[in-house]
Amino acid sequence: MLFEEIIRENLDLGRPDMVQLIFDRRVTKRTPGRFRTRVLTDGVIPSLHIDFKNSRIKQYFKQVPEVREVGARTETTINNTRDVSIGKRLCNLPALRQVGFQANRRVLEVERLSQDCAVGEEAMLQLNRPVEVNGQRASALRITDLRVLALWHLLVWFRLLPCGFANRDLREQLAVLTGQEPNHITQGKMTYDLRRLRLHGMIERIPKTHRYQVTDFGFRAALFFTRTHARLYRPGFAEVLSKRSNGPPCDSQLQKHLAKIEAELDRRVRDSKLVA
């Protein structure tokens with residue numbers, strides 16, 4: 001359930017550092033009140049409670065009679081206006097409402113960002129799975145496939161072309177990146193790759209032409225994966241797996257931390273055997 005995922009991923013909203021961002025008020029050691037996130041689940045629909053001094057933000061499910069659906073509702077209750085540096089006179093009501101609305105929006109923005117991670121994960125998994133669109137099937141664009149990485153490198157470059165690119169452009173440039181002769185990459189293979197990129201949403205055909213242009217999603221995904229492979233995966237694995245023959249181990253912080261993890265796991269295994 002979406003709301004339960006939101007609760008699980010935002011249990012830290014009641015911490016002082018998060019509360020001061022939500023209410024836009026500085027929180028110090030002298031600030032009175034308990035700062036906590038409470039989740040009520042016993043015998044009720046799950047609800048999320050965030051405390052700030054005498055004020056509280058509450059999220060829960062609410063039935064919408066007009067559409068006969070259930071939606072998540074966010075309420076902010078300010079029991080003491082002094083908590084947000086506002087007087088108690090009735091003329092201060094508009095300012096008080098503004099503070100409450102802003103707190104609600106900040107909570108929703110934090111939760112939206114947490115859910116965007118789930119959306120991003122689904123998009124990444126979608127690229128790594130075969131797809132079927134309008135009866136047309138395309139194989140997965142696996143991140144570890146060197147041919148796919150070469151295609152993504154080209155998408156980053158082709159994004160700069162105002163008139164898009166054609167099958168021939170992709171074939172010639174792909175041959176350069178993969179160390180092949182252009183005549184070794186047939187037009188059929190290129191058509192296959194173009195269909196994969198198109199059905200995965202990386203490119204789209206320019207109407208009434210045989211040329212293609214890179215989509216916003218395709219450009220961002222290609223830029224992210226190519227940079228991640230070049231700056232994280234390759235140097236990271238090289239650092240982890242590299243060993244010096246007939247000499248001391250490589251002076252690598254990553255290797256040192258991994259060695260500590262391995263040593264701790266070995267110790268736990270030994271202790272477990274002793275207990276048994």
# chains A, B, ... in the order shown; residues from 1 in each chain; ligands from 1
$ select_by_dssp --residues "range 105-265 of chain A" --states "strand (DSSP E)" --output "PyMOL selection string"
chain A and resi 131-133+136-138+203-205+212-214
$ closest_residue --among "A:Met202, A:Ala263, A:Leu170, A:Ile86" --to "Lys189 in chain A" --atoms "only C-alpha atoms"
A:Leu170
$ atom_distance --atom1 "CA of Gln98 in chain A" --atom2 "CA of Ile57 in chain A"
14.4 Å
